[in-house]
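Read through the structure below, which is laid out as structure tokens, and then see the notes.
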Amino acid sequence: MGAEKGAEGNKGVEIRVRGQVQGVGFRPFVWHLARDMGLTGTVRNDAEGVLIQLFDGSEGFTDIFERRLRAELPPLARIDAVELCEIAGERAKTPKTFDIIASKDGAARTRVTPDAATCDHCLNEVRDANMRRHGYAFTNCTHCGPRFTIVTDLPYDRPKTTMAPFEMCPACRAEYEDPEDRRFHAQPIACPECGPKLWLEPATEGDPISETAKRLRAGEIVAIKGLGGFHLACDALNAEAVALLRRRKHRPAKPFALMGTLETIRHWCAVSEEEQALLEDPAAPIVLLEMHRPVGAKPHGIAPGQATLGWMLPYTPLHHLLIDAMGGPLVMTSGNLSGEPQVIGNAEARDKLAGFADAFLMHDREIARRLDDSVERITEHGPMVLRRARGRVPGTLPLPKGFEEAPQVVAYGGQMKGAICLLKDGQALLGHHLGELDEALTYEAFLKADADYAALFDHHPELIACDLHPEFRATLHAYARAEKEGQRVEEVQHHHAHLAACLGENLWPLEGGKVAGIVLDGLGLGTDGTVWGGEVLLGDYRGFTRKAWLKPAPLIGGDRAAKEPWRNALARLDQAGLSEWADELFADKPLAMARRAVEKGMNCPMSSSAGRLFDAVAACLGVCADGQSFEGEAAMRLEAMATQAPDMGVGFSLPLRDGELDPAPMFAELQGLRQHGQSLDRLAWMAHAGLSLGFAQEARRLVEAGEAQAVVLSGGCFQNALLLQLMAWHLGNTPILTHTKTPANDGGLALGQALIAAARHL
Amino acid sequence: MALRGDKVTLAHGGGGRAMRDLIEEVFTSVFEPESMEDQARLMSGALTEPGARLALTTDSFVVDPVEFPGGDIGKIAICGTVNDLAVGGATPLWLSAAFIIEEGTEIALLKRIVATMKVEAEKAGVKIVTGDTKVVGRGSADKVFVTTTGVGVIPPGRDLRAEAVQPGDVAIVNGVLGDHGAAILAARGDMALSTDIQSDCAGLGHLMAAVAAACPGLRCARDATRGGLASALNEIAESADVAVEIEETALPLRTEVKGMCEILGLDPLYLANEGTLVLFVPEEEAEAALAAMRSVPEGQGAVVIGRAKPKGQGPLVTMRTLFGGARIVDMLVGEQLPRIC
Ligand SMILES: [Fe+3]
Ligand SMILES: [Mg+2]
Ligand SMILES: [Zn+2]
Ligand SMILES: [Zn+2]
């Protein structure tokens, strides 16, 4: 048959595929495709991805092959690049068959992919009484199932996962070895015969899932071992159970995540097409969805004061079976002591969650790596990532043009939302959300993640990047590592890093020119030693100048100001000459002492923080004035109020003078309107509108003057979808770059630090 | 003979009659050194015991304001030096005191300071045996700076060292935390509400003597002065190569201090103390240590606050918080900057 195809057919072609192409059923897919097209050759994994050799094609077969390769890709695969070259001479000996070549040990450094939600095929098997995996909670295949949460070492093979202790039964082994099978080389393959088992503690007769559902329906709280850690679950429709969970967790108001079917979700929230696609994404994140209005009595106590609910679909067979058995939605909040990371071990759970849970749904597959649920939402500007973890890591991001020769860099991020980032081979690996690094166990997780990602990425940094703040634990660690290993440390200003992170994920080229960065944030140390957080920066990866900023106000009591919004209101009202109003609003507060502290400069650093300005406005509207029970509560409630307001009229004024945007007039107008009985929702809206207009005008001016090519919107305040929307609106047709793949908050900081450090050496 | 005028002038530092009058009237008439030679010649039976060791320490004191609720710079100068000797296991015996005085300082103020020093020295059982004064121009000092040097004797066989702390050892403080720092801040800021916060400034010689007698296994003690308890614990943990975990609910804090810390956003773990120490004893001696401490006035509030643990790869000092998490208690790099983003 080869002879009939003539000279062209004897020519071989070698195709190099880069991207997420290992451990996702890519080789069997290529095998099927080649056989379908009557081609011979080979496919193999190697250090750079997948290498395919094809022979015996008819005229133009490579084009068709590449097109089908991209079009019919397995669900978890992602192609970043395809490179073709002809195979000449000796090497072009035509094989008779098409084969999958086993990766040689050591040669292939199979990358790990993110965990993926149960696929439809597997779900059908679990629900089909005639299948051998009927009702089996650990069913998976190459298109779904655990990955990063079970890997203990590389290469990604069953003995290097927490599935190692489970020996495959003959039936599973046959599937595992058959390229025709969906479970060909599915490392966590399992069945009721040979795989992990589920049980309930305290032990009960009967099926653990139905017993768990029974307890949940009775209003109990059950700790459930999931993919990346334990959850605490309760019946979301049972207000008493929700209240009980709040009491036990000492969590008065922070929203709980929910799990339910799409049908249930639609009952409570509006779900657009994009939102449905995000819910159904293999990453299965928690998606913030707007509640139907008016917000009724249900869901009671799930998300007090919020306009949105955080929903996720069941993402393991265990969750599907449980939701099926419940027939309704569950609260699924992370199982941890307040402030600590999520619990992952069985013994640890029994020890730490005993005070929270009435029962434990356990299994005997260990969790190798703690991963929280990712949190995302859809805005008018596309997806928004609030917390990047399970399902998203260790996914990589390509680097912008100009960074091809970037050295290997590790960046250690911020303090409150720890996450590290590695650069290597033109890619960035932004690690998972770790949490607040002042927490001892979280800091240990940070150290572990550092070692872990270095091993997984075979990473040997030449540069270490960190924040300017000398007391961030991440900064201290950067210097400690550099002292041991001898790398150079690059300190990066906090808001410059936010700007660069946004540039980077938008693939803004290294030589793409300067942009105007509106960075609205909690706070970060500035280059002048004061505390910044409401900035217009003009710059690129290499440097920046500070063009405008919120007029600084004292942070009364330093970090305490971030917890008690009245302090920020007091500072701003006094500054605006509205001290009498402050006396009235906060009569029960130690105002004299606070003012004395400001006067004497006792722990009252000046700050241009936009986050604290939102807190100040919130407090003036009676929102969380006394204190926030979780970070961002006041701002989130303010956003929720504003979204309920009729979106018309003008915002408060924020005049610019000598680079300073002065919010004093804003508070004067606020006071006037409040005393005239204007609705609080409307006032909240006007604050959003005024703040965005003030910043937008200055950024726009920089673009119109030709100083900047585009406007970047970054910093934690841009988790606020209304602020983002209004800012974009005020920017009109000015080109805008926003975060869609990485968090605008400090979870994305390390990416920016890494790029800036690299740029300084390019 | 009476000094002319009521303020110190540069003439008082000139080396002439004015200076001699100042020294006599303000200092030597109160301290009553045994000779007017410019050196003290000292002897004590404790010094000649075989195995005894001499302990020497020196400290300079600058505090604004120089008088504050619960004490003044003189009291801190005596207590601070006595405590430096005591926590090292020494019995304090003799002190020297040197004064740098700013032109224009009221002589009455100097007299009050010297009087407190006399009282505190007597309480601690130490003698002020020599000293010095200098006068500097306005703005070259802030009223008065005091430098004290102390000499003590460590009895044979006593060896308190931070390195001796082992996992399992119990950490005990003698009383409330942060009173001194809070009192100084309140005085400095004219905080109307906080007049009832007094400095904890006290000599701890007797307390240390009592504990040392009751606990042969006493590992070490450290006065939690500048940098507060947090710094003392970090220093000990670092020297001993152990971790230390303390309990938030066990920390003795006066309500007023707690309240003031909340308002000013300060962490009492970092506030200075002048009469508070932390010590480590083997678990089996903890009860004896507590009893010994409570037998003296300065130890009435003695409590266990935590214990040493084997060192992991993480931070050295942590604090179990009210709801169960563990917060890292770092040594401050510089001044405390806000971190919450
Ligand atoms: Fe930030
Ligand atoms: Mg000293
Ligand atoms: Zn599947
Ligand atoms: Zn099996």
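Ordering of the structure tokens sets the chain letters (A, B, ...), residue numbers begin anew at 1 in every chain, and ligands are numbered from 1 in the order given.
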Set the distance at 10 Å and use only C-alpha atoms: which residues neighbour stretch 255-268 of chain B once local chain neighbours fewer than 3 positions away are removed? I'd like the list as number ranges by chain. A: 555-561, 567, 589-591, 593-594, 596-598, 602-604; B: 176-183, 185-186, 191, 193-198, 227-230, 251-252, 271-273, 336, 338
Go ahead and write the selection's residues with N, CA and C atoms as a CSV table (one decimal), in the first residue's frame.
```
chain,number,residue,atom,x,y,z
A,555,LEU,N,-4.3,55.9,58.8
A,555,LEU,CA,-4.9,54.6,59.2
A,555,LEU,C,-4.9,54.5,60.7
A,556,ILE,N,-6.0,54.8,61.3
A,556,ILE,CA,-6.0,54.9,62.8
A,556,ILE,C,-5.9,53.5,63.4
A,557,GLY,N,-4.7,53.3,64.0
A,557,GLY,CA,-4.5,52.0,64.6
A,557,GLY,C,-3.9,51.0,63.6
A,558,GLY,N,-3.3,51.5,62.6
A,558,GLY,CA,-2.6,50.7,61.6
A,558,GLY,C,-3.5,49.6,61.0
A,559,ASP,N,-3.1,48.3,61.2
A,559,ASP,CA,-3.9,47.2,60.7
A,559,ASP,C,-5.3,47.1,61.3
A,560,ARG,N,-5.4,47.7,62.4
A,560,ARG,CA,-6.7,47.7,63.1
A,560,ARG,C,-7.8,48.4,62.2
A,561,ALA,N,-7.3,49.4,61.4
A,561,ALA,CA,-8.2,50.2,60.6
A,561,ALA,C,-8.8,49.3,59.5
A,567,ARG,N,-13.0,53.7,61.8
A,567,ARG,CA,-11.7,54.4,61.9
A,567,ARG,C,-11.4,55.2,60.7
A,589,LYS,N,-17.9,55.4,70.0
A,589,LYS,CA,-16.5,55.0,69.8
A,589,LYS,C,-15.5,55.9,70.6
A,590,PRO,N,-14.3,55.4,70.9
A,590,PRO,CA,-13.4,56.3,71.6
A,590,PRO,C,-12.7,57.3,70.7
A,591,LEU,N,-13.6,58.3,70.3
A,591,LEU,CA,-13.1,59.3,69.3
A,591,LEU,C,-12.0,60.1,69.8
A,593,MET,N,-9.7,59.6,71.9
A,593,MET,CA,-8.4,58.9,71.9
A,593,MET,C,-7.9,58.6,70.5
A,594,ALA,N,-8.8,58.3,69.6
A,594,ALA,CA,-8.4,58.1,68.2
A,594,ALA,C,-7.9,59.4,67.6
A,596,ARG,N,-6.6,61.8,69.2
A,596,ARG,CA,-5.3,62.1,69.9
A,596,ARG,C,-4.2,61.3,69.2
A,597,ALA,N,-4.5,60.1,68.9
A,597,ALA,CA,-3.5,59.2,68.2
A,597,ALA,C,-3.1,59.8,66.9
A,598,VAL,N,-4.1,60.3,66.2
A,598,VAL,CA,-3.8,60.9,64.9
A,598,VAL,C,-2.9,62.1,65.1
A,602,MET,N,0.5,58.4,66.6
A,602,MET,CA,0.8,57.1,67.3
A,602,MET,C,0.1,56.0,66.5
A,603,ASN,N,0.9,55.2,65.8
A,603,ASN,CA,0.4,54.1,65.0
A,603,ASN,C,-0.7,54.6,64.0
A,604,CYS,N,-0.5,55.7,63.4
A,604,CYS,CA,-1.5,56.2,62.4
A,604,CYS,C,-0.8,56.5,61.1
B,176,VAL,N,1.2,40.8,84.6
B,176,VAL,CA,0.6,41.3,83.4
B,176,VAL,C,1.6,41.9,82.4
B,177,LEU,N,1.2,41.9,81.2
B,177,LEU,CA,2.0,42.3,80.1
B,177,LEU,C,1.7,43.7,79.6
B,178,GLY,N,2.7,44.5,79.2
B,178,GLY,CA,2.5,45.7,78.5
B,178,GLY,C,2.1,46.9,79.3
B,179,ASP,N,2.1,46.8,80.6
B,179,ASP,CA,1.7,48.0,81.4
B,179,ASP,C,2.7,49.1,81.2
B,180,HIS,N,3.9,48.8,81.2
B,180,HIS,CA,4.9,49.9,81.1
B,180,HIS,C,4.7,50.7,79.7
B,181,GLY,N,4.7,49.9,78.6
B,181,GLY,CA,4.6,50.5,77.3
B,181,GLY,C,3.3,51.3,77.2
B,182,ALA,N,2.2,50.7,77.7
B,182,ALA,CA,1.0,51.4,77.6
B,182,ALA,C,1.0,52.7,78.5
B,183,ALA,N,1.6,52.6,79.7
B,183,ALA,CA,1.6,53.8,80.5
B,183,ALA,C,2.4,54.9,79.8
B,185,LEU,N,3.0,55.3,76.6
B,185,LEU,CA,2.2,55.8,75.4
B,185,LEU,C,1.1,56.8,75.9
B,186,ALA,N,0.4,56.3,77.0
B,186,ALA,CA,-0.7,57.2,77.5
B,186,ALA,C,-0.1,58.5,78.0
B,191,MET,N,-3.4,60.8,76.9
B,191,MET,CA,-4.7,60.0,76.7
B,191,MET,C,-5.5,60.2,77.9
B,193,LEU,N,-8.3,59.0,78.9
B,193,LEU,CA,-9.0,57.9,79.5
B,193,LEU,C,-8.1,56.9,80.2
B,194,SER,N,-6.8,57.0,80.0
B,194,SER,CA,-5.9,55.9,80.5
B,194,SER,C,-5.1,56.2,81.7
B,195,THR,N,-5.6,57.2,82.5
B,195,THR,CA,-4.8,57.6,83.6
B,195,THR,C,-4.6,56.5,84.6
B,196,ASP,N,-5.4,55.5,84.6
B,196,ASP,CA,-5.2,54.4,85.6
B,196,ASP,C,-4.2,53.4,85.2
B,197,ILE,N,-3.6,53.5,84.0
B,197,ILE,CA,-2.6,52.5,83.6
B,197,ILE,C,-1.2,53.0,84.2
B,198,GLN,N,-0.6,52.1,85.0
B,198,GLN,CA,0.6,52.5,85.7
B,198,GLN,C,1.7,51.6,85.1
B,227,GLY,N,10.7,45.5,72.8
B,227,GLY,CA,10.3,44.5,71.9
B,227,GLY,C,9.3,43.5,72.6
B,228,GLY,N,9.1,43.7,73.9
B,228,GLY,CA,8.1,42.9,74.6
B,228,GLY,C,8.3,41.5,74.8
B,229,LEU,N,7.3,40.8,75.2
B,229,LEU,CA,7.3,39.3,75.4
B,229,LEU,C,7.7,38.6,74.0
B,230,ALA,N,7.2,39.1,72.9
B,230,ALA,CA,7.4,38.5,71.6
B,230,ALA,C,8.9,38.4,71.4
B,251,LEU,N,-2.6,34.6,78.4
B,251,LEU,CA,-1.8,35.8,78.6
B,251,LEU,C,-2.4,36.8,79.6
B,252,PRO,N,-1.7,37.2,80.6
B,252,PRO,CA,-2.3,38.1,81.6
B,252,PRO,C,-2.2,39.5,81.1
B,271,LEU,N,4.7,45.3,73.4
B,271,LEU,CA,4.8,46.4,74.3
B,271,LEU,C,5.9,46.2,75.3
B,272,ALA,N,6.7,47.2,75.6
B,272,ALA,CA,7.8,47.1,76.6
B,272,ALA,C,7.2,46.9,78.0
B,273,ASN,N,8.0,46.1,78.8
B,273,ASN,CA,7.7,45.9,80.2
B,273,ASN,C,9.0,46.3,81.0
B,336,GLN,N,6.5,48.6,63.5
B,336,GLN,CA,5.4,47.8,63.0
B,336,GLN,C,4.7,48.5,61.9
B,338,PRO,N,1.7,48.6,58.8
B,338,PRO,CA,0.5,47.8,58.5
B,338,PRO,C,0.7,46.8,57.4
```
If the cut-off is 9 Å, can you tell me the residues of chain A near chain B, counting only C-alpha atoms? I'd like them as a PyMOL selection string. chain A and resi 249-250+337-340+352+414-417+437-441+443-444+447+469-472+521-525+531+533+555-562+590+592-594+596-597+599-600+602-605+609+611+716+745-746
Output C-alpha atoms for every residue in that selection, as an mmCIF file, in the first residue's frame.
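So out-v5.cif came out as:
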```
data_model
loop_
_atom_site.group_PDB
_atom_site.id
_atom_site.type_symbol
_atom_site.label_atom_id
_atom_site.label_comp_id
_atom_site.auth_asym_id
_atom_site.auth_seq_id
_atom_site.Cartn_x
_atom_site.Cartn_y
_atom_site.Cartn_z
ATOM 1 C CA LYS A 249 -17.281 27.833 63.063
ATOM 2 C CA HIS A 250 -17.393 31.261 64.762
ATOM 3 C CA LEU A 337 -10.262 25.873 62.408
ATOM 4 C CA SER A 338 -10.824 29.590 61.981
ATOM 5 C CA GLY A 339 -7.879 31.032 60.067
ATOM 6 C CA GLU A 340 -6.153 27.689 59.543
ATOM 7 C CA LYS A 352 -9.642 19.220 64.608
ATOM 8 C CA GLY A 414 2.066 39.089 49.289
ATOM 9 C CA GLN A 415 0.977 38.487 52.835
ATOM 10 C CA MET A 416 -2.789 38.111 52.992
ATOM 11 C CA LYS A 417 -3.490 35.903 49.988
ATOM 12 C CA LEU A 437 0.823 33.767 55.974
ATOM 13 C CA ASP A 438 0.657 34.950 59.600
ATOM 14 C CA GLU A 439 -1.108 31.664 60.295
ATOM 15 C CA ALA A 440 1.515 29.105 61.311
ATOM 16 C CA LEU A 441 0.054 26.190 59.343
ATOM 17 C CA TYR A 443 3.052 29.480 56.407
ATOM 18 C CA GLU A 444 4.151 25.856 56.601
ATOM 19 C CA LEU A 447 7.117 26.570 52.524
ATOM 20 C CA HIS A 469 7.400 45.171 52.614
ATOM 21 C CA PRO A 470 10.166 43.995 54.957
ATOM 22 C CA GLU A 471 7.805 42.208 57.309
ATOM 23 C CA PHE A 472 5.775 40.147 54.871
ATOM 24 C CA ASP A 521 -6.189 48.031 46.526
ATOM 25 C CA GLY A 522 -6.110 47.410 50.223
ATOM 26 C CA LEU A 523 -2.585 48.534 50.790
ATOM 27 C CA GLY A 524 1.021 48.032 49.933
ATOM 28 C CA LEU A 525 4.236 49.742 50.902
ATOM 29 C CA VAL A 531 1.354 53.131 52.498
ATOM 30 C CA GLY A 533 -3.439 51.674 47.679
ATOM 31 C CA LEU A 555 -4.885 54.555 59.169
ATOM 32 C CA ILE A 556 -5.990 54.932 62.751
ATOM 33 C CA GLY A 557 -4.471 52.023 64.621
ATOM 34 C CA GLY A 558 -2.552 50.652 61.611
ATOM 35 C CA ASP A 559 -3.873 47.214 60.665
ATOM 36 C CA ARG A 560 -6.749 47.699 63.068
ATOM 37 C CA ALA A 561 -8.176 50.185 60.552
ATOM 38 C CA ALA A 562 -8.657 47.337 58.105
ATOM 39 C CA PRO A 590 -13.350 56.280 71.607
ATOM 40 C CA ALA A 592 -11.100 61.471 71.582
ATOM 41 C CA MET A 593 -8.382 58.881 71.926
ATOM 42 C CA ALA A 594 -8.417 58.066 68.226
ATOM 43 C CA ARG A 596 -5.304 62.096 69.877
ATOM 44 C CA ALA A 597 -3.493 59.192 68.248
ATOM 45 C CA GLU A 599 -2.504 64.171 66.274
ATOM 46 C CA LYS A 600 0.446 62.499 67.986
ATOM 47 C CA MET A 602 0.773 57.097 67.261
ATOM 48 C CA ASN A 603 0.378 54.100 64.954
ATOM 49 C CA CYS A 604 -1.489 56.209 62.402
ATOM 50 C CA PRO A 605 0.481 55.826 59.156
ATOM 51 C CA SER A 609 -5.659 53.002 50.224
ATOM 52 C CA GLY A 611 -9.986 49.748 50.064
ATOM 53 C CA GLY A 716 -8.118 43.857 45.128
ATOM 54 C CA ASN A 745 -6.196 40.718 44.311
ATOM 55 C CA ASP A 746 -2.932 39.671 45.955
#
```
Report as CSV the residues of chain A within 10 Å of ligand 3, each with its shortest atom pair and distance in Å (one decimal), using only C-alpha atoms and all ligand atoms, ordered by chain and increasing residue number.
```
residue,atom,partner,partner_atom_place_in_ligand_line,distance
A:Pro75,CA,ligand 3,1 (Zn),10.0
A:Ala116,CA,ligand 3,1 (Zn),8.9
A:Ala117,CA,ligand 3,1 (Zn),8.2
A:Thr118,CA,ligand 3,1 (Zn),5.4
A:Cys119,CA,ligand 3,1 (Zn),4.2
A:Asp120,CA,ligand 3,1 (Zn),6.7
A:His121,CA,ligand 3,1 (Zn),5.6
A:Cys122,CA,ligand 3,1 (Zn),4.3
A:Leu123,CA,ligand 3,1 (Zn),7.3
A:Asn124,CA,ligand 3,1 (Zn),9.4
A:Glu125,CA,ligand 3,1 (Zn),9.2
A:Thr139,CA,ligand 3,1 (Zn),7.2
A:Asn140,CA,ligand 3,1 (Zn),4.5
A:Cys141,CA,ligand 3,1 (Zn),4.0
A:Thr142,CA,ligand 3,1 (Zn),6.3
A:His143,CA,ligand 3,1 (Zn),4.9
A:Cys144,CA,ligand 3,1 (Zn),4.3
A:Gly145,CA,ligand 3,1 (Zn),6.5
A:Arg182,CA,ligand 3,1 (Zn),7.8
A:Arg183,CA,ligand 3,1 (Zn),8.1
A:Ala186,CA,ligand 3,1 (Zn),9.4
A:Ile189,CA,ligand 3,1 (Zn),9.8
A:Thr316,CA,ligand 3,1 (Zn),9.9
A:Pro317,CA,ligand 3,1 (Zn),9.7
```
Atom pair atom CA of A:Leu570 / atom CA of A:Ala635: separation (Å): 16.9 Å
Got a sec: who's within 9 Å of B:Ile23, counting only C-alpha atoms, leaving out chain neighbours fewer than 5 positions off, as a VMD selection string? chain B and resid 12 18 28 to 29 132 to 133
Give as a PDB file with N, CA and C atoms, in the first residue's frame the residues surrounding ligand 4 up to a distance of 10 Å, considering only C-alpha atoms and all ligand atoms.
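Now in out_26.pdb:
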```pdb
ATOM      1  N   ARG A 132     -20.398  -1.970  36.354  1.00  0.00           N
ATOM      2  CA  ARG A 132     -19.692  -2.441  37.548  1.00  0.00           C
ATOM      3  C   ARG A 132     -19.288  -1.299  38.480  1.00  0.00           C
ATOM      4  N   ARG A 133     -19.307  -0.086  37.988  1.00  0.00           N
ATOM      5  CA  ARG A 133     -18.995   1.040  38.859  1.00  0.00           C
ATOM      6  C   ARG A 133     -20.250   1.766  39.351  1.00  0.00           C
ATOM      7  N   THR A 139     -15.024   6.727  40.848  1.00  0.00           N
ATOM      8  CA  THR A 139     -14.957   6.474  39.417  1.00  0.00           C
ATOM      9  C   THR A 139     -14.283   7.651  38.702  1.00  0.00           C
ATOM     10  N   PHE A 166      -3.452   0.921  46.287  1.00  0.00           N
ATOM     11  CA  PHE A 166      -4.577   0.149  45.755  1.00  0.00           C
ATOM     12  C   PHE A 166      -4.136  -0.616  44.513  1.00  0.00           C
ATOM     13  N   GLU A 167      -4.089  -1.930  44.627  1.00  0.00           N
ATOM     14  CA  GLU A 167      -3.635  -2.713  43.481  1.00  0.00           C
ATOM     15  C   GLU A 167      -4.791  -2.949  42.513  1.00  0.00           C
ATOM     16  N   MET A 168      -4.557  -2.663  41.244  1.00  0.00           N
ATOM     17  CA  MET A 168      -5.615  -2.810  40.249  1.00  0.00           C
ATOM     18  C   MET A 168      -6.087  -4.248  40.161  1.00  0.00           C
ATOM     19  N   CYS A 169      -7.402  -4.435  40.075  1.00  0.00           N
ATOM     20  CA  CYS A 169      -7.963  -5.762  39.826  1.00  0.00           C
ATOM     21  C   CYS A 169      -7.781  -6.079  38.336  1.00  0.00           C
ATOM     22  N   PRO A 170      -7.931  -7.326  37.943  1.00  0.00           N
ATOM     23  CA  PRO A 170      -7.705  -7.674  36.528  1.00  0.00           C
ATOM     24  C   PRO A 170      -8.579  -6.850  35.576  1.00  0.00           C
ATOM     25  N   ALA A 171      -9.813  -6.582  35.962  1.00  0.00           N
ATOM     26  CA  ALA A 171     -10.704  -5.834  35.073  1.00  0.00           C
ATOM     27  C   ALA A 171     -10.183  -4.412  34.863  1.00  0.00           C
ATOM     28  N   CYS A 172      -9.770  -3.767  35.929  1.00  0.00           N
ATOM     29  CA  CYS A 172      -9.226  -2.411  35.814  1.00  0.00           C
ATOM     30  C   CYS A 172      -7.917  -2.422  35.042  1.00  0.00           C
ATOM     31  N   ARG A 173      -7.078  -3.398  35.342  1.00  0.00           N
ATOM     32  CA  ARG A 173      -5.786  -3.506  34.664  1.00  0.00           C
ATOM     33  C   ARG A 173      -5.984  -3.615  33.142  1.00  0.00           C
ATOM     34  N   ALA A 174      -6.992  -4.409  32.736  1.00  0.00           N
ATOM     35  CA  ALA A 174      -7.262  -4.588  31.305  1.00  0.00           C
ATOM     36  C   ALA A 174      -7.660  -3.249  30.676  1.00  0.00           C
ATOM     37  N   GLU A 175      -8.509  -2.491  31.362  1.00  0.00           N
ATOM     38  CA  GLU A 175      -8.915  -1.174  30.839  1.00  0.00           C
ATOM     39  C   GLU A 175      -7.714  -0.238  30.749  1.00  0.00           C
ATOM     40  N   TYR A 176      -6.904  -0.296  31.774  1.00  0.00           N
ATOM     41  CA  TYR A 176      -5.743   0.591  31.885  1.00  0.00           C
ATOM     42  C   TYR A 176      -4.769   0.369  30.736  1.00  0.00           C
ATOM     43  N   ILE A 189      -7.350   5.066  38.084  1.00  0.00           N
ATOM     44  CA  ILE A 189      -8.402   4.081  37.768  1.00  0.00           C
ATOM     45  C   ILE A 189      -8.724   3.236  39.009  1.00  0.00           C
ATOM     46  N   ALA A 190      -9.991   2.973  39.199  1.00  0.00           N
ATOM     47  CA  ALA A 190     -10.414   2.218  40.384  1.00  0.00           C
ATOM     48  C   ALA A 190     -11.819   1.681  40.152  1.00  0.00           C
ATOM     49  N   CYS A 191     -12.188   0.704  40.945  1.00  0.00           N
ATOM     50  CA  CYS A 191     -13.551   0.187  40.910  1.00  0.00           C
ATOM     51  C   CYS A 191     -13.881  -0.334  42.309  1.00  0.00           C
ATOM     52  N   PRO A 192     -15.129  -0.711  42.546  1.00  0.00           N
ATOM     53  CA  PRO A 192     -15.495  -1.155  43.900  1.00  0.00           C
ATOM     54  C   PRO A 192     -14.668  -2.354  44.364  1.00  0.00           C
ATOM     55  N   GLU A 193     -14.148  -3.141  43.386  1.00  0.00           N
ATOM     56  CA  GLU A 193     -13.344  -4.314  43.716  1.00  0.00           C
ATOM     57  C   GLU A 193     -12.003  -3.914  44.347  1.00  0.00           C
ATOM     58  N   CYS A 194     -11.363  -2.928  43.720  1.00  0.00           N
ATOM     59  CA  CYS A 194      -9.960  -2.690  44.037  1.00  0.00           C
ATOM     60  C   CYS A 194      -9.647  -1.287  44.553  1.00  0.00           C
ATOM     61  N   GLY A 195     -10.593  -0.372  44.472  1.00  0.00           N
ATOM     62  CA  GLY A 195     -10.267   1.029  44.752  1.00  0.00           C
ATOM     63  C   GLY A 195     -10.574   1.466  46.170  1.00  0.00           C
ATOM     64  N   PRO A 196     -10.470   2.765  46.417  1.00  0.00           N
ATOM     65  CA  PRO A 196     -10.744   3.326  47.741  1.00  0.00           C
ATOM     66  C   PRO A 196     -12.174   3.048  48.208  1.00  0.00           C
TER      67      PRO A 196
END
```
Assign secondary structure with DSSP using the backbone only, and return the residues of stretch 124-315 of chain B in strand (DSSP E or B) as a PyMOL selection string. chain B and resi 127-136+144-154+170-173+220-223+243-247+277-281+303-309
Can you check which parts of chain B lie within 10 Å of ligand 2? Per residue, the shortest pair of atoms and distance in Å to one decimal, counting only C-alpha atoms and all ligand atoms, sorted by chain and number, as a tab-separated table.
```
residue	atom	partner	partner_atom_place_in_ligand_line	distance
B:Leu56	CA	ligand 2	1 (Mg)	9.2
B:Thr57	CA	ligand 2	1 (Mg)	5.5
B:Thr58	CA	ligand 2	1 (Mg)	4.7
B:Asp59	CA	ligand 2	1 (Mg)	4.3
B:Ser60	CA	ligand 2	1 (Mg)	7.7
B:Phe61	CA	ligand 2	1 (Mg)	9.9
B:Gly80	CA	ligand 2	1 (Mg)	7.8
B:Thr81	CA	ligand 2	1 (Mg)	6.7
B:Val82	CA	ligand 2	1 (Mg)	9.8
B:Asn83	CA	ligand 2	1 (Mg)	9.2
B:Asp84	CA	ligand 2	1 (Mg)	6.2
B:Leu85	CA	ligand 2	1 (Mg)	8.8
B:Thr147	CA	ligand 2	1 (Mg)	9.9
B:Thr148	CA	ligand 2	1 (Mg)	8.9
B:Thr149	CA	ligand 2	1 (Mg)	8.4
B:Gly150	CA	ligand 2	1 (Mg)	9.2
```
Taking only stretch 659-729 of chain A into account, list the residues labelled alpha helix (DSSP H) by DSSP (computed from the backbone), as a PyMOL selection string. chain A and resi 664-675+680-704+721-729
Need to verify the contact set: B:Glu37, 12 Å, only C-alpha atoms, exclusion of same-chain residues closer than 4 positions in sequence. Can you return it as a short mmCIF file (atom, residue, chain, number, x, y, z; two decimals) with C-alpha atoms, in the first residue's frame?
```cif
data_model
loop_
_atom_site.label_atom_id
_atom_site.label_comp_id
_atom_site.auth_asym_id
_atom_site.auth_seq_id
_atom_site.Cartn_x
_atom_site.Cartn_y
_atom_site.Cartn_z
CA THR B 28 25.96 62.49 96.82
CA PRO B 33 28.87 56.88 98.65
CA ARG B 41 36.41 49.89 96.27
CA VAL B 129 28.52 53.36 94.79
CA THR B 130 29.76 55.76 92.12
CA GLY B 131 28.57 58.03 89.41
CA ASP B 132 29.07 60.89 87.00
#
```
